[in-house]
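Here is start38.csv, consisting of CSV, C-alpha atoms (C1' of nucleotides):
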chain,number,residue,atom,x,y,z
A,1,MET,CA,93.3,181.7,66.8
A,2,GLY,CA,94.9,184.9,65.6
A,3,MET,CA,97.2,185.2,62.6
A,4,THR,CA,100.2,185.9,64.8
A,5,ASP,CA,99.5,182.8,66.9
A,6,LYS,CA,99.2,180.7,63.8
A,7,LYS,CA,102.5,182.0,62.5
A,8,LYS,CA,104.2,181.2,65.8
A,9,LYS,CA,102.7,177.7,65.9
A,10,ILE,CA,103.8,176.9,62.4
A,11,LYS,CA,107.3,177.9,63.3
A,12,LYS,CA,107.2,176.0,66.6
A,13,ILE,CA,106.1,172.8,64.9
A,14,TYR,CA,109.0,173.1,62.5
A,15,VAL,CA,111.5,173.7,65.3
A,16,LEU,CA,110.3,170.8,67.5
A,17,LEU,CA,110.2,168.3,64.6
A,18,GLU,CA,113.7,169.4,63.4
A,19,LYS,CA,115.0,169.0,66.9
A,20,TYR,CA,113.6,165.5,67.1
A,21,PHE,CA,114.3,164.2,63.5
A,22,GLY,CA,117.3,166.3,62.5
A,23,ASP,CA,118.2,167.2,58.9
A,24,LEU,CA,116.3,164.7,56.7
A,25,LYS,CA,117.8,165.7,53.4
A,26,TRP,CA,114.8,164.4,51.6
A,27,TRP,CA,114.0,162.9,48.2
A,28,PRO,CA,117.4,161.9,46.9
A,29,ALA,CA,117.3,160.6,43.4
A,30,GLU,CA,119.8,160.2,40.5
A,31,SER,CA,117.9,162.6,38.2
A,32,SER,CA,115.1,165.1,38.0
A,33,PHE,CA,113.1,162.7,35.9
A,34,GLU,CA,113.4,160.0,38.5
A,35,VAL,CA,111.9,162.4,41.0
A,36,ILE,CA,109.0,163.0,38.7
A,37,VAL,CA,108.5,159.3,38.2
A,38,GLY,CA,108.6,158.8,42.0
A,39,ALA,CA,106.1,161.6,42.5
A,40,ILE,CA,103.5,159.8,40.3
A,41,LEU,CA,104.2,156.4,41.7
A,42,THR,CA,103.9,157.4,45.4
A,43,GLN,CA,100.4,158.7,45.0
A,44,ASN,CA,98.5,157.1,47.9
A,45,THR,CA,101.2,154.5,48.2
A,46,ALA,CA,104.0,153.6,50.6
A,47,TRP,CA,107.4,154.6,49.4
A,48,GLY,CA,108.9,151.2,49.8
A,49,ASN,CA,106.6,149.9,47.1
A,50,VAL,CA,107.7,152.7,44.8
A,51,GLU,CA,111.4,152.0,45.2
A,52,LYS,CA,111.1,148.5,43.7
A,53,ALA,CA,109.3,149.9,40.8
A,54,ILE,CA,111.9,152.6,40.2
A,55,ALA,CA,114.6,149.9,40.5
A,56,ASN,CA,112.9,147.9,37.8
A,57,LEU,CA,112.8,150.9,35.5
A,58,ARG,CA,116.4,151.6,36.0
A,59,GLN,CA,117.4,148.0,35.6
A,60,LYS,CA,115.6,148.0,32.3
A,61,LYS,CA,117.2,151.3,31.3
A,62,VAL,CA,113.9,153.0,30.6
A,63,LEU,CA,114.1,155.8,33.2
A,64,ALA,CA,113.9,158.5,30.5
A,65,PRO,CA,110.8,160.3,29.1
A,66,GLY,CA,111.6,159.1,25.6
A,67,ARG,CA,111.5,155.5,26.7
A,68,ILE,CA,108.5,155.7,28.9
A,69,ALA,CA,106.5,157.6,26.3
A,70,THR,CA,107.0,154.9,23.7
A,71,MET,CA,106.8,151.8,25.8
A,72,LYS,CA,103.8,149.5,25.5
A,73,PRO,CA,101.4,150.2,28.4
A,74,ALA,CA,101.2,146.5,29.4
A,75,LYS,CA,104.9,146.3,29.6
A,76,LEU,CA,105.2,149.5,31.6
A,77,SER,CA,102.5,148.6,34.1
A,78,GLN,CA,104.2,145.3,34.8
A,79,LEU,CA,107.5,147.0,35.6
A,80,ILE,CA,105.8,149.3,38.1
A,81,ARG,CA,103.4,146.7,39.5
A,82,SER,CA,104.7,146.9,43.0
A,83,SER,CA,103.6,150.5,43.3
A,84,GLY,CA,99.9,149.7,43.1
A,85,TYR,CA,97.3,151.2,40.7
A,86,HIS,CA,99.8,150.1,38.1
A,87,ARG,CA,97.5,150.5,35.1
A,88,VAL,CA,96.5,154.1,35.9
A,89,LYS,CA,100.0,155.0,36.9
A,90,ALA,CA,101.5,153.6,33.7
A,91,GLN,CA,99.1,155.9,31.8
A,92,ARG,CA,100.1,158.8,34.1
A,93,LEU,CA,103.8,158.2,33.5
A,94,ARG,CA,103.2,158.2,29.8
A,95,GLU,CA,101.2,161.5,30.0
A,96,VAL,CA,103.9,163.3,32.0
A,97,SER,CA,106.6,161.9,29.8
A,98,ARG,CA,104.8,163.2,26.7
A,99,PHE,CA,104.5,166.5,28.5
A,100,ILE,CA,108.2,166.7,29.1
A,101,LEU,CA,109.1,165.9,25.5
A,102,ARG,CA,106.6,168.4,24.2
A,103,GLU,CA,107.6,171.2,26.6
A,104,CYS,CA,111.4,170.9,26.5
A,105,LYS,CA,112.4,168.0,24.3
A,106,GLY,CA,113.2,166.0,27.3
A,107,LYS,CA,115.7,168.5,28.7
A,108,LEU,CA,114.5,169.2,32.2
A,109,SER,CA,117.3,171.8,32.7
A,110,ARG,CA,115.5,173.9,30.2
A,111,LEU,CA,112.1,173.4,31.8
A,112,LYS,CA,113.6,174.8,35.1
A,113,LYS,CA,114.1,178.1,33.4
A,114,GLN,CA,110.3,178.7,33.3
A,115,ASP,CA,108.5,180.5,36.0
A,116,ALA,CA,107.0,178.6,38.9
A,117,ALA,CA,103.4,179.8,38.5
A,118,GLY,CA,103.3,179.0,34.8
A,119,LEU,CA,104.9,175.6,35.3
A,120,ARG,CA,102.4,174.7,38.0
A,121,GLY,CA,99.5,175.6,35.8
A,122,LYS,CA,100.9,173.4,33.0
A,123,LEU,CA,101.6,170.5,35.3
A,124,LEU,CA,98.0,170.6,36.6
A,125,GLN,CA,96.7,170.2,33.1
A,126,VAL,CA,98.5,166.9,32.7
A,127,LYS,CA,96.1,164.0,33.4
A,128,GLY,CA,97.2,162.3,36.6
A,129,ILE,CA,98.9,165.3,38.1
A,130,GLY,CA,97.0,167.0,40.9
A,131,PRO,CA,98.2,169.8,43.3
A,132,GLU,CA,100.4,167.6,45.5
A,133,THR,CA,102.2,165.9,42.7
A,134,ALA,CA,102.6,169.2,40.9
A,135,ASP,CA,104.2,170.8,43.9
A,136,SER,CA,106.4,167.8,44.6
A,137,ILE,CA,107.7,168.0,41.0
A,138,LEU,CA,108.1,171.8,41.3
A,139,ILE,CA,110.3,171.7,44.5
A,140,TYR,CA,112.1,168.3,44.2
A,141,ALA,CA,112.6,168.1,40.4
A,142,LEU,CA,112.4,171.7,39.1
A,143,ASP,CA,114.0,173.6,41.9
A,144,LYS,CA,111.1,175.9,42.7
A,145,PRO,CA,110.4,176.9,46.3
A,146,THR,CA,107.0,175.4,47.1
A,147,PHE,CA,105.3,173.8,50.1
A,148,VAL,CA,103.9,170.4,49.5
A,149,VAL,CA,100.7,169.6,51.4
A,150,ASP,CA,100.0,165.9,52.0
A,151,ALA,CA,97.6,163.9,54.1
A,152,TYR,CA,99.9,164.0,57.0
A,153,THR,CA,100.3,167.8,56.8
A,154,LYS,CA,96.5,168.2,56.8
A,155,ARG,CA,96.1,165.8,59.7
A,156,ILE,CA,98.7,167.3,61.9
A,157,PHE,CA,97.7,170.9,61.2
A,158,ALA,CA,94.1,170.1,61.9
A,159,ARG,CA,95.0,168.4,65.1
A,160,HIS,CA,96.8,171.5,66.2
A,161,THR,CA,93.8,173.6,65.1
A,162,LEU,CA,95.8,175.6,62.5
A,163,VAL,CA,93.1,174.7,60.0
A,164,GLY,CA,89.8,173.0,60.0
A,165,GLU,CA,89.3,169.3,59.2
A,166,ASP,CA,87.9,170.2,55.9
A,167,ALA,CA,90.6,172.7,54.8
A,168,SER,CA,91.4,172.7,51.2
A,169,TYR,CA,94.9,172.1,49.7
A,170,ASP,CA,95.3,175.7,48.6
A,171,GLU,CA,94.2,177.0,52.0
A,172,ILE,CA,96.9,175.0,53.8
A,173,GLN,CA,99.6,175.9,51.3
A,174,SER,CA,98.7,179.6,51.4
A,175,LEU,CA,99.0,179.5,55.2
A,176,VAL,CA,102.5,178.1,55.1
A,177,HIS,CA,103.6,180.3,52.2
A,178,SER,CA,102.5,183.5,54.0
A,179,PHE,CA,103.5,182.6,57.5
A,180,PHE,CA,106.6,180.4,57.2
A,181,THR,CA,109.2,181.2,54.5
A,182,MET,CA,109.7,180.7,50.8
A,183,ASP,CA,113.2,179.3,51.3
A,184,LYS,CA,113.5,176.1,49.3
A,185,LYS,CA,115.6,174.1,51.8
A,186,ALA,CA,113.3,175.0,54.7
A,187,LEU,CA,110.2,174.1,52.7
A,188,ASN,CA,111.8,170.8,51.7
A,189,GLN,CA,112.7,170.1,55.3
A,190,TYR,CA,109.3,171.0,56.6
A,191,HIS,CA,107.5,168.7,54.3
A,192,ALA,CA,109.9,165.9,55.1
A,193,LEU,CA,109.5,166.5,58.8
A,194,LEU,CA,105.7,166.4,58.7
A,195,VAL,CA,105.7,163.2,56.8
A,196,GLU,CA,108.1,161.6,59.2
A,197,ALA,CA,106.1,162.8,62.2
A,198,GLY,CA,102.9,161.5,60.6
A,199,LYS,CA,104.4,158.1,59.9
A,200,HIS,CA,105.6,157.7,63.4
A,201,PHE,CA,103.0,159.5,65.5
A,202,CYS,CA,99.9,160.5,63.6
A,203,LYS,CA,98.5,157.6,61.7
A,204,LYS,CA,94.9,157.5,60.8
A,205,ARG,CA,93.7,155.2,63.6
A,206,THR,CA,96.0,156.6,66.3
A,207,PRO,CA,95.3,160.3,66.6
A,208,LEU,CA,96.5,160.2,70.2
A,209,CYS,CA,100.3,160.2,70.2
A,210,GLU,CA,101.9,159.9,73.5
A,211,ASP,CA,105.5,160.1,72.4
A,212,CYS,CA,105.0,162.8,69.7
A,213,PRO,CA,107.5,165.6,69.9
A,214,LEU,CA,104.5,168.0,69.2
A,215,LYS,CA,102.7,166.8,72.3
A,216,VAL,CA,103.8,169.9,74.3
A,217,LEU,CA,101.8,172.1,71.9
A,218,LEU,CA,98.4,170.5,72.7
B,1,DT,C1',93.5,140.1,58.9
B,2,DG,C1',91.9,144.2,57.8
B,3,DC,C1',93.8,148.7,57.6
B,4,DC,C1',96.7,151.9,55.6
B,5,DA,C1',100.2,154.2,52.5
B,6,DG,C1',103.9,160.9,50.7
B,7,DG,C1',96.3,161.1,45.3
B,8,DC,C1',93.7,161.8,41.4
B,9,DC,C1',89.9,161.2,38.0
B,10,DG,C1',85.2,161.1,36.4
B,11,DG,C1',80.5,161.1,37.1
B,12,DG,C1',76.8,162.6,39.9
B,13,DT,C1',74.4,166.0,42.8
C,1,DA,C1',81.6,173.7,44.2
C,2,DC,C1',81.8,169.4,46.8
C,3,DC,C1',81.0,164.1,47.2
C,4,DC,C1',82.1,159.5,46.2
C,5,DG,C1',83.6,155.0,44.1
C,6,DG,C1',87.4,153.2,41.7
C,7,DC,C1',92.1,152.2,41.2
C,8,DA,C1',96.0,147.8,43.6
C,9,DT,C1',100.2,146.2,45.8
C,10,DG,C1',102.8,145.2,50.0
C,11,DG,C1',103.8,145.7,55.1
C,12,DC,C1',102.4,145.5,59.7
Exercise: express the given structure as structure tokens:
Amino acid sequence: MGMTDKKKKIKKIYVLLEKYFGDLKWWPAESSFEVIVGAILTQNTAWGNVEKAIANLRQKKVLAPGRIATMKPAKLSQLIRSSGYHRVKAQRLREVSRFILRECKGKLSRLKKQDAAGLRGKLLQVKGIGPETADSILIYALDKPTFVVDAYTKRIFARHTLVGEDASYDEIQSLVHSFFTMDKKALNQYHALLVEAGKHFCKKRTPLCEDCPLKVLL
DNA sequence: TGCCAGGCCGGGT
DNA sequence: ACCCGGCATGGC
């Protein structure tokens, strides 16, 4: 497929999904730090399980980097138990909290003033933050236009032959960054639309989706 | 009742 | 530079 065709297809997928799902207004949270916590907790985990964990943290008044960083690991892991992998995730929450305290004394508004590329590099050095979590933090917590590539994105793009089955994270992200747009709202919406489409029509065991709004492209 | 969910790390090749 | 096992709870 030529580059021009890929560009058209990327846009077409967006248009069809938006027509079907509408404006999703994704990832609402009460604070940037809550977004970061959610980004860690939702790693390979259904969002419903994450919400309970965040509710626990809020109820205990520990939804702040200073509190997370100083809490005993056993206590923290119990609070986030519902999100799965709670021991490793407790450690990851501690790591990212320490990073925030170190980098901006806990003031995320200050962190937002740094440039996107530099921030991404720093985030990737934090143990427990990989490319998807870093990009989720960049766009949803730190206001940086970034396309987040997740398992659904890869599956849907591969299914529509935009990329190969073995495409890397950076390859897929570069494709969207160069052929779609760098507008923050649109990138947010695209990610949300792909996840929604994946949940409804493109699960692992059901690659054939009769009612998928993207069916017309196949 | 297995299978899957908005990944990432560490050790091995 | 990849490949793989481990990490774990809750919903369908």
**Item:** Non-local contacts of DG10 (chain C) (10 Å; only C-alpha atoms (C1' of nucleotides); under 3 positions in same chain excluded) as an NGL selection string
**Value:** (:A and (45-46 or 48-49 or 82-84)) or (:B and (5))
Selected residues written out with C-alpha atoms (C1' of nucleotides), as an mmCIF file, in the frame of the given file:
data_model
loop_
_atom_site.group_PDB
_atom_site.id
_atom_site.type_symbol
_atom_site.label_atom_id
_atom_site.label_comp_id
_atom_site.auth_asym_id
_atom_site.auth_seq_id
_atom_site.Cartn_x
_atom_site.Cartn_y
_atom_site.Cartn_z
ATOM 1 C CA THR A 45 101.200 154.500 48.200
ATOM 2 C CA ALA A 46 104.000 153.600 50.600
ATOM 3 C CA GLY A 48 108.900 151.200 49.800
ATOM 4 C CA ASN A 49 106.600 149.900 47.100
ATOM 5 C CA SER A 82 104.700 146.900 43.000
ATOM 6 C CA SER A 83 103.600 150.500 43.300
ATOM 7 C CA GLY A 84 99.900 149.700 43.100
ATOM 8 C "C1'" DA B 5 100.200 154.200 52.500
#
**Asked** Which one of A:Asp143, A:Glu210, A:Glu51, A:Glu171 sits closest to chain C if you count all atoms listed in the file?
**Response** A:Glu51
Do you have, as CSV, the list of residues of chain C lying at most 6 Å from chain A, each with its nearest atom pair and that distance in Å to one decimal, counting all atoms listed in the file and ordered by chain then number?
residue,atom,partner,partner_atom,distance
C:DC7,C1',A:Tyr85,CA,5.3
C:DA8,C1',A:Gly84,CA,4.4
C:DT9,C1',A:Gly84,CA,4.4
**Asked** Could you list, as a list in words, every residue of chain B that has an atom within 12 Å of an atom of chain A, counting only C-alpha atoms (C1' of nucleotides)?
**Response** DC3, DC4, DA5, DG6, DG7, DC8, DC9 and DG10 of chain B
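Counting from CA of Gly164 (chain A), the distance to CA of Cys202 (chain A) is 16.5 Å.
Distance-wise, CA of Lys12 (chain A) and CA of Leu214 (chain A) end up 8.8 Å apart.
Here CA of Ile13 (chain A) and CA of Lys185 (chain A) stand 16.2 Å from one another.
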**Request:** Show me as a list in words the residues that reach within 7 Å of (103.8, 161.3, 68.3), counting only C-alpha atoms (C1' of nucleotides) and using the file's own coordinates.
**Result:** Ala197, His200, Phe201, Cys202, Cys209, Glu210, Asp211, Cys212, Pro213, Leu214 and Lys215 of chain A
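Using only C-alpha atoms (C1' of nucleotides), the contacts of DG12 (chain B) at a cut-off of 12 Å, with sequence neighbours closer than 5 positions omitted, comprise C:DC2, C:DC3, C:DC4, C:DG5.
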**Request:** Skip Leu138 (chain A) itself and residues of its chain fewer than 6 positions away, then list as an MDAnalysis selection string all residues within 9 Å of it, counting all atoms listed in the file.
**Result:** chainID A and resid 112 116 119:120 123 144:146
What would region 129-158 of chain A look like with N, CA and C atoms restored, written as a short mmCIF file (atom, residue, chain, number, x, y, z; two decimals), keeping the file's coordinate frame?
data_model
loop_
_atom_site.label_atom_id
_atom_site.label_comp_id
_atom_site.auth_asym_id
_atom_site.auth_seq_id
_atom_site.Cartn_x
_atom_site.Cartn_y
_atom_site.Cartn_z
N ILE A 129 98.20 164.44 37.24
CA ILE A 129 98.90 165.30 38.10
C ILE A 129 97.99 166.28 38.81
N GLY A 130 97.86 166.13 40.12
CA GLY A 130 97.00 167.00 40.90
C GLY A 130 97.93 167.98 41.68
N PRO A 131 97.39 168.73 42.61
CA PRO A 131 98.20 169.80 43.30
C PRO A 131 99.39 169.22 44.07
N GLU A 132 99.25 168.11 44.77
CA GLU A 132 100.40 167.60 45.50
C GLU A 132 101.51 167.11 44.63
N THR A 133 101.14 166.36 43.61
CA THR A 133 102.20 165.90 42.70
C THR A 133 102.82 167.01 41.95
N ALA A 134 102.06 168.00 41.55
CA ALA A 134 102.60 169.20 40.90
C ALA A 134 103.63 169.88 41.75
N ASP A 135 103.26 170.10 43.00
CA ASP A 135 104.20 170.80 43.90
C ASP A 135 105.40 169.98 44.25
N SER A 136 105.23 168.67 44.36
CA SER A 136 106.40 167.80 44.60
C SER A 136 107.37 167.91 43.42
N ILE A 137 106.84 167.92 42.23
CA ILE A 137 107.70 168.00 41.00
C ILE A 137 108.36 169.42 41.03
N LEU A 138 107.60 170.44 41.36
CA LEU A 138 108.10 171.80 41.30
C LEU A 138 109.34 171.94 42.28
N ILE A 139 109.21 171.47 43.51
CA ILE A 139 110.30 171.70 44.50
C ILE A 139 111.42 170.66 44.33
N TYR A 140 111.06 169.39 44.12
CA TYR A 140 112.10 168.30 44.20
C TYR A 140 112.74 168.05 42.79
N ALA A 141 112.05 168.42 41.72
CA ALA A 141 112.60 168.10 40.40
C ALA A 141 112.99 169.43 39.66
N LEU A 142 112.21 170.50 39.89
CA LEU A 142 112.40 171.70 39.10
C LEU A 142 112.94 172.88 39.90
N ASP A 143 113.29 172.63 41.17
CA ASP A 143 114.00 173.60 41.90
C ASP A 143 113.22 174.87 42.32
N LYS A 144 111.89 174.76 42.34
CA LYS A 144 111.10 175.90 42.70
C LYS A 144 110.60 175.83 44.13
N PRO A 145 110.84 176.87 44.94
CA PRO A 145 110.40 176.90 46.30
C PRO A 145 108.89 176.73 46.43
N THR A 146 108.43 175.64 47.03
CA THR A 146 107.00 175.40 47.10
C THR A 146 106.76 174.48 48.34
N PHE A 147 105.66 174.70 49.03
CA PHE A 147 105.30 173.80 50.10
C PHE A 147 104.35 172.74 49.66
N VAL A 148 104.71 171.50 49.91
CA VAL A 148 103.90 170.40 49.50
C VAL A 148 102.94 169.97 50.64
N VAL A 149 101.66 169.98 50.37
CA VAL A 149 100.70 169.60 51.40
C VAL A 149 100.25 168.15 51.14
N ASP A 150 100.44 167.30 52.13
CA ASP A 150 100.00 165.90 52.00
C ASP A 150 99.02 165.57 53.09
N ALA A 151 98.59 164.33 53.09
CA ALA A 151 97.60 163.90 54.10
C ALA A 151 98.09 164.08 55.49
N TYR A 152 99.38 163.85 55.71
CA TYR A 152 99.90 164.00 57.00
C TYR A 152 99.92 165.47 57.48
N THR A 153 100.28 166.34 56.55
CA THR A 153 100.30 167.80 56.80
C THR A 153 98.88 168.22 57.29
N LYS A 154 97.88 167.81 56.52
CA LYS A 154 96.50 168.20 56.80
C LYS A 154 96.10 167.66 58.20
N ARG A 155 96.44 166.41 58.46
CA ARG A 155 96.10 165.80 59.70
C ARG A 155 96.71 166.47 60.90
N ILE A 156 98.01 166.72 60.78
CA ILE A 156 98.70 167.30 61.90
C ILE A 156 98.31 168.78 62.11
N PHE A 157 98.15 169.53 61.03
CA PHE A 157 97.70 170.90 61.20
C PHE A 157 96.31 171.02 61.75
N ALA A 158 95.45 170.11 61.33
CA ALA A 158 94.10 170.10 61.90
C ALA A 158 94.10 169.77 63.33
#
